[in-house]
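Below you'll find the structure, written out as structure tokens, and then a few comments.
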Amino acid sequence: MATTADLAQPLPEPRRAARGRSYLSDEVTIVSWLTTTDHKRIGVMFFVATTLAFALGGFFAMLLRLEHLTPGPTLVDAMTYNRMFTLHGVIMVFLFLVPSIPTAFGNFVLPMMIGAKDVAFPRLNLASFYVYLTGATLVLYSMFANGLDTGWTFYTPYSAQSPSAVVPAVTGVFIVGMSSILTGLNFIVTVHTLRSRGLGWLKLPLFVWAIYATSIIQVLATPVLGMSLALVGLDHALDLGIFDPARGGDPVLFQHLFWFYSHPAVYIMILPSMGVISELVCTYSRKNPKSYKAIAYSSLGIAAVGFLTWGHHLFVAGISVFDAGAFGILSMLVGIFSAIKVFTWIGTMRRGSIVLSTPMVYVCTFLFLFVFGGMTGIAFATTSLDVHWHDTYFVVAHFHFIMVGGALAGWLGALHYWWPKITGRLYSERWGLLASALVFAGFVTTFFPQFLLGNAGMPRRYFEYPAKFQVLHVMSTLGATILAAGLLITLIYLLASLFSKERAGNNPWRSAGFEWRTSSPPPKHNFTALLDVSRGAYDYTELPAEEEAADP
Amino acid sequence: MTNGTRVHAEHFESLEQQAHAAHLGMWLFLASEALLFSGLFALYTLARLEHPAGFHVGLQHAEKTIGSINTLILLTSSYSVASAVLALRAGKRSATLTLLAVTIALGLGFMGLKFFEYARHFAEGIRPGGQGSFFAEFPVPGVAPFWTLYYVMTGLHVLHVAAGLSVLGWMSWKVARRTILPPYDHPLALAAMLWHLVDIVWIFLWPLFYLTERV
Amino acid sequence: MHEHRRVNRRSFFLVFVALIALAALSYGLSFARVGALSVPLALSISAIKVTLVAVFFMELVAQRFVNRFVVVVAMGMLSTLLALMAADVLTRGTPPLAPPLSAGGP
């Protein structure tokens, strides 16, 4: 670990025009990256890993959509199709959506947002990266070994009997879950113990509240997933029959244990995005939040009440009517907190000085699509409606509206917002606007038809379908192509910006946020002077000067 | 981060802050471990509610004496490791090492008895998954889940015992080499917390798998 | 955090004695005819033992509020999981499995 004495040593000049030391130019060997304990470098490494996972999951998604161009077999056979949708789900949920924003952006900006030099346990942070890689490797291995055809939900009894590579896959997910727990633990302790002097809880940036609430869910819920998957693995390997009715077991109990994690997991996936939206809304409306406490406390509310709703995934699985009723009511309650957030964000934008740049387009994308997704979620909480929609494309559309329209939009917004902070470069705004428009248009074209398909009775995870559904399927595939194009263009212009000679400046968005009060990219220990928290993170009464001086 | 002019890690302001962070981190980790076992306790509860007769049959064949000796072993080892933490804080290095050695010995004794017990069950025809001659002899619904949960829960527990012993051994090494010593002594307290978790889980496993047959 | 009046050799010894006594109590009760009370009684004694270990041996008594809060929240989650799962199983109303004819039966 570097000491104060080390910082005084002269460092090698970076290749491009020297502009002072940053966390990037501090040491440039591969070994220095692989053994780093700097939260910023770890965040970058996580970003690369999770984005690669996203690309792989997206590749499977495209194959699925291409397969559905015709009612019968198009590209692959049924067994392969089952393997593809399973891997799409496993990779997207466990290797991308759950870790992405916390491990990449949370790692990078959270310590800066509380005025700290690093997270509480930097070496544990590095360890959780390698744990993630280990789990991800096992999941990839299962992909090549024999695939996986159980669905990402691993329901028993099939998961205990499937001839596919269940054991390596559940082991891999278990290990990735451990990484998730360690990250969450690290962030909770960081926020409790490393806040700058004078930075009370109610002065924290809202992104910190969101990550904090997410971390609580990660620490408490993930172990139950671990256990449920471990039991599937043991059942598969040792024929334990824990969920086998012939041996006194109950397969529905697996579903209870699985969804006890996997429902709160959707809040792990959306809360960080909501945190990003809070930051973007304030920066690009140049306003403080309409009600800081509403957003902060509703994050905790979502985490708490989100734990009480899992049974709505089991409405038609054979649970008792009483239990179904209880879960239906509890599931509706959780929508209240999301609504509080949405109205508070809109209230913040009202009478603000809106800057319609690419991140703001993603904010609007989020608001529009999340509200639709969320409303269909509340509709699902009504048991009598769920009976018709369960396991149809209606459910697929619902969760993609939230996960892609919501969580991914937040991720894209974060990527563009913090791009100059992380890389010191600015992307092309024109290409950004074009790509974000394609993403929005592509998304709606992909998933809105799926609501119609599901309502008309098209089941999910089905390889073939009746000819009458073909038009909607073709529309959906066309949308997927547009969405993929938008994402590909984004990748290209972001990479291209890395080669530009022009520097972004310390605070190109003129944000009041704490992380913008140091240089972009930041120095290794984040701040060269003590963070002045007397001016709040959302204080736009005195706009920051064009170029905030950071390094002396 | 060892003794010397800079006792605490660089990103913390003081050793006290670092120790508090470490303790909070360990409590969070223990919470996650408790949740790991909670699914199994839930399965036990629900299976027992569904099949009380089968669980009764299972409990009748539990090795009550071995289980109870193991309970005394773990309770004593909790006492010895807690005392070791006190001894270290008081600067008594050799007493600390002795108490740690006692704890580790007790832990190894626990593991030995456990595997002896598993061997006895196997000899009786009680295997995981409702397999083995015992289940043909006692075809009562619920007997199979009882024994499967027994193996899974005590098996997971014994894995944690092994992990706890490894950590305690590592800490003993560091105490012996004086890289853990007051005021930098919280790592031993954290390792002790892991060991107490092992004891806590067993305190619940003991009645559920050994004591509560219907007399 | 270290110099708390309750965290010392004497209190640890008393806790150890209490733990052994409670263990003896559970063991004794396991031979008594307590019928349906056997599980709640045994688990209550376990809960007391666990509280003693956590509060004294693990020094919760001497630590900050947030550490205790973590324990309380974890217990709450465990209870929630159990309660809502049990609410399902107990209210399904399916008749119990008939015992096989060859065994003694309940």
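As shown in the structure tokens, the chain order sets the letters A, B, ...; within each chain, residues go from 1, and ligands are also counted from 1 in the order they appear.
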Chain A near chain C within 7 Å: what's each residue's closest atom pair and its distance in Å to one decimal, counting only C-alpha atoms, ordered by chain then ascending residue number, as CSV?
```
residue,atom,partner,partner_atom,distance
A:His256,CA,C:Met85,CA,6.8
A:Ile319,CA,C:Asp88,CA,5.6
A:Ser320,CA,C:Arg92,CA,4.5
A:Phe322,CA,C:Thr91,CA,6.7
A:Asp323,CA,C:Asp88,CA,5.1
```
Define the interface residues of chain C facing chain B as those within 7 Å, counting only C-alpha atoms, and report them as JSON, numbers by chain.
{"C": [9, 16, 27, 30, 31, 32, 33, 35, 38, 39, 42, 43, 46, 50, 57, 58, 67, 70, 71, 74, 78, 82, 86, 99, 100, 103, 106]}
Write a file of the selected residues as a PDB file, in the first residue's frame, keeping N, CA and C atoms.
```
ATOM      1  N   ARG C   9     -12.797 -11.262  32.802  1.00  0.00           N
ATOM      2  CA  ARG C   9     -12.650 -12.695  33.049  1.00  0.00           C
ATOM      3  C   ARG C   9     -13.766 -13.228  33.943  1.00  0.00           C
ATOM      4  N   PHE C  16     -19.971 -18.801  31.090  1.00  0.00           N
ATOM      5  CA  PHE C  16     -19.641 -20.200  30.786  1.00  0.00           C
ATOM      6  C   PHE C  16     -20.429 -21.129  31.703  1.00  0.00           C
ATOM      7  N   TYR C  27     -30.697 -31.005  28.242  1.00  0.00           N
ATOM      8  CA  TYR C  27     -30.467 -32.458  28.204  1.00  0.00           C
ATOM      9  C   TYR C  27     -31.461 -33.164  29.125  1.00  0.00           C
ATOM     10  N   SER C  30     -34.968 -33.312  27.852  1.00  0.00           N
ATOM     11  CA  SER C  30     -35.189 -34.212  26.716  1.00  0.00           C
ATOM     12  C   SER C  30     -35.679 -35.577  27.160  1.00  0.00           C
ATOM     13  N   PHE C  31     -35.558 -35.855  28.456  1.00  0.00           N
ATOM     14  CA  PHE C  31     -36.068 -37.135  28.968  1.00  0.00           C
ATOM     15  C   PHE C  31     -37.435 -36.985  29.606  1.00  0.00           C
ATOM     16  N   ALA C  32     -37.876 -35.744  29.764  1.00  0.00           N
ATOM     17  CA  ALA C  32     -39.135 -35.514  30.474  1.00  0.00           C
ATOM     18  C   ALA C  32     -40.316 -35.595  29.521  1.00  0.00           C
ATOM     19  N   ARG C  33     -41.507 -35.880  30.086  1.00  0.00           N
ATOM     20  CA  ARG C  33     -42.700 -35.964  29.239  1.00  0.00           C
ATOM     21  C   ARG C  33     -43.286 -34.572  29.063  1.00  0.00           C
ATOM     22  N   GLY C  35     -44.232 -33.496  25.898  1.00  0.00           N
ATOM     23  CA  GLY C  35     -45.110 -33.545  24.727  1.00  0.00           C
ATOM     24  C   GLY C  35     -44.766 -32.515  23.681  1.00  0.00           C
ATOM     25  N   SER C  38     -41.811 -29.789  23.728  1.00  0.00           N
ATOM     26  CA  SER C  38     -40.375 -30.090  23.743  1.00  0.00           C
ATOM     27  C   SER C  38     -39.589 -29.179  22.811  1.00  0.00           C
ATOM     28  N   VAL C  39     -40.111 -28.938  21.591  1.00  0.00           N
ATOM     29  CA  VAL C  39     -39.361 -28.097  20.659  1.00  0.00           C
ATOM     30  C   VAL C  39     -39.341 -26.628  21.102  1.00  0.00           C
ATOM     31  N   ALA C  42     -36.980 -26.313  24.110  1.00  0.00           N
ATOM     32  CA  ALA C  42     -35.570 -26.497  23.759  1.00  0.00           C
ATOM     33  C   ALA C  42     -35.044 -25.284  23.001  1.00  0.00           C
ATOM     34  N   LEU C  43     -35.829 -24.785  22.052  1.00  0.00           N
ATOM     35  CA  LEU C  43     -35.359 -23.643  21.270  1.00  0.00           C
ATOM     36  C   LEU C  43     -35.293 -22.374  22.107  1.00  0.00           C
ATOM     37  N   SER C  46     -32.105 -22.581  23.852  1.00  0.00           N
ATOM     38  CA  SER C  46     -31.062 -22.276  22.864  1.00  0.00           C
ATOM     39  C   SER C  46     -30.954 -20.774  22.640  1.00  0.00           C
ATOM     40  N   VAL C  50     -27.623 -18.525  23.071  1.00  0.00           N
ATOM     41  CA  VAL C  50     -27.067 -17.764  21.955  1.00  0.00           C
ATOM     42  C   VAL C  50     -26.948 -16.283  22.311  1.00  0.00           C
ATOM     43  N   PHE C  57     -19.587 -13.036  25.086  1.00  0.00           N
ATOM     44  CA  PHE C  57     -18.379 -13.538  24.428  1.00  0.00           C
ATOM     45  C   PHE C  57     -18.054 -12.741  23.174  1.00  0.00           C
ATOM     46  N   MET C  58     -19.102 -12.370  22.404  1.00  0.00           N
ATOM     47  CA  MET C  58     -18.862 -11.607  21.183  1.00  0.00           C
ATOM     48  C   MET C  58     -18.903 -10.101  21.439  1.00  0.00           C
ATOM     49  N   ASN C  67     -23.922  -2.357  15.266  1.00  0.00           N
ATOM     50  CA  ASN C  67     -23.624  -3.786  15.266  1.00  0.00           C
ATOM     51  C   ASN C  67     -24.807  -4.586  15.792  1.00  0.00           C
ATOM     52  N   VAL C  70     -27.541  -4.775  13.199  1.00  0.00           N
ATOM     53  CA  VAL C  70     -27.288  -5.784  12.166  1.00  0.00           C
ATOM     54  C   VAL C  70     -27.838  -7.130  12.632  1.00  0.00           C
ATOM     55  N   VAL C  71     -27.574  -7.490  13.899  1.00  0.00           N
ATOM     56  CA  VAL C  71     -28.051  -8.769  14.427  1.00  0.00           C
ATOM     57  C   VAL C  71     -29.580  -8.810  14.408  1.00  0.00           C
ATOM     58  N   ALA C  74     -30.929  -9.223  10.889  1.00  0.00           N
ATOM     59  CA  ALA C  74     -30.732 -10.586  10.370  1.00  0.00           C
ATOM     60  C   ALA C  74     -31.779 -11.531  10.962  1.00  0.00           C
ATOM     61  N   LEU C  78     -34.708 -13.748   8.963  1.00  0.00           N
ATOM     62  CA  LEU C  78     -34.896 -15.188   9.175  1.00  0.00           C
ATOM     63  C   LEU C  78     -36.341 -15.468   9.550  1.00  0.00           C
ATOM     64  N   LEU C  82     -39.216 -17.674   7.453  1.00  0.00           N
ATOM     65  CA  LEU C  82     -39.907 -18.793   8.070  1.00  0.00           C
ATOM     66  C   LEU C  82     -41.404 -18.563   8.138  1.00  0.00           C
ATOM     67  N   ALA C  86     -44.094 -20.776   6.228  1.00  0.00           N
ATOM     68  CA  ALA C  86     -44.984 -21.579   7.054  1.00  0.00           C
ATOM     69  C   ALA C  86     -46.434 -21.212   6.775  1.00  0.00           C
ATOM     70  N   PRO C  99     -50.255 -42.924   6.698  1.00  0.00           N
ATOM     71  CA  PRO C  99     -49.050 -43.694   7.003  1.00  0.00           C
ATOM     72  C   PRO C  99     -49.086 -45.030   6.278  1.00  0.00           C
ATOM     73  N   PRO C 100     -47.938 -45.564   5.895  1.00  0.00           N
ATOM     74  CA  PRO C 100     -47.926 -46.864   5.216  1.00  0.00           C
ATOM     75  C   PRO C 100     -48.419 -47.950   6.171  1.00  0.00           C
ATOM     76  N   ALA C 103     -45.812 -49.924   8.740  1.00  0.00           N
ATOM     77  CA  ALA C 103     -45.116 -49.305   9.880  1.00  0.00           C
ATOM     78  C   ALA C 103     -46.081 -49.118  11.051  1.00  0.00           C
ATOM     79  N   PRO C 106     -48.220 -43.073  13.585  1.00  0.00           N
ATOM     80  CA  PRO C 106     -48.108 -42.065  14.659  1.00  0.00           C
ATOM     81  C   PRO C 106     -48.935 -42.454  15.876  1.00  0.00           C
TER      82      PRO C 106
END
```
* Check the DSSP output for the backbone and give back, as a ChimeraX atom specification, the residues of region 7-212 of chain B in strand (DSSP E or B). => /B:127,131,181,184
Exercise for review: Using only C-alpha atoms, find the residues of chain A whose closest atom to chain B is at most 10 Å away, then write them as a PyMOL selection string.
Suggested key: chain A and resi 1-4+116-122+178+181-182+184-190+192-194+216+218-228+231+234-235+238-250+253-254+256-258+260+525
Practice problem: Mind the document's chain letters and residue numbers, and return as a ChimeraX atom specification the residues of region 28-75 of chain C that DSSP labels alpha helix (DSSP H). | Solution: /C:28-29,38-52,65-75
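With CA of Tyr362 (chain A) on one side and CA of Trp419 (chain A) on the other, the separation reads 14.5 Å.
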Between CA of Cys282 (chain A) and CA of Ser511 (chain A), distance in Å (one decimal):
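Spanning CA of Cys282 (chain A) to CA of Ser511 (chain A) is a straight-line distance of 8.5 Å.
The shortest atom-to-atom distance to Leu56 (chain A), with only C-alpha atoms taken into account, belongs to A:Met92 out of A:Ala326, A:Met92, A:Ile492, A:Leu314.
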Fill in: Point-to-point distance in Å for CA of Ser520 (chain A) and CA of Asn506 (chain A)
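Taking CA of Asn506 (chain A) as the start and CA of Ser520 (chain A) as the end point, the length is 4.6 Å.
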Among C:Arg64, C:Ala54, C:Met75, C:Pro40, Phe12 (chain C) is approached most closely, using only C-alpha atoms, by C:Ala54
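Residues in contact with Leu64 (chain A) at up to 8 Å, not including ones fewer than 6 positions away on its chain and judged by only C-alpha atoms, are Tyr81, Met84 and Phe85 of chain A.
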Could you write out that same residue set with N, CA and C atoms as a PDB file, in the first residue's frame?
```
ATOM      1  N   TYR A  81     -32.301 -24.174 -28.145  1.00  0.00           N
ATOM      2  CA  TYR A  81     -33.072 -22.986 -27.774  1.00  0.00           C
ATOM      3  C   TYR A  81     -33.204 -22.896 -26.260  1.00  0.00           C
ATOM      4  N   MET A  84     -30.112 -21.680 -24.796  1.00  0.00           N
ATOM      5  CA  MET A  84     -29.833 -20.272 -25.062  1.00  0.00           C
ATOM      6  C   MET A  84     -30.603 -19.355 -24.129  1.00  0.00           C
ATOM      7  N   PHE A  85     -31.913 -19.644 -23.908  1.00  0.00           N
ATOM      8  CA  PHE A  85     -32.628 -18.702 -23.050  1.00  0.00           C
ATOM      9  C   PHE A  85     -32.178 -18.824 -21.604  1.00  0.00           C
TER      10      PHE A  85
END
```
Gly28 (chain C) proximity check over C:Val7, C:Gly76, C:Thr51, C:Leu41, using only C-alpha atoms: winner is C:Leu41
Exercise. If you count only C-alpha atoms, which residues fall within 9 Å of Glu502 (chain A), apart from same-chain ones fewer than 4 positions away, as a ChimeraX atom specification?
Worked result: /A:424-426,497
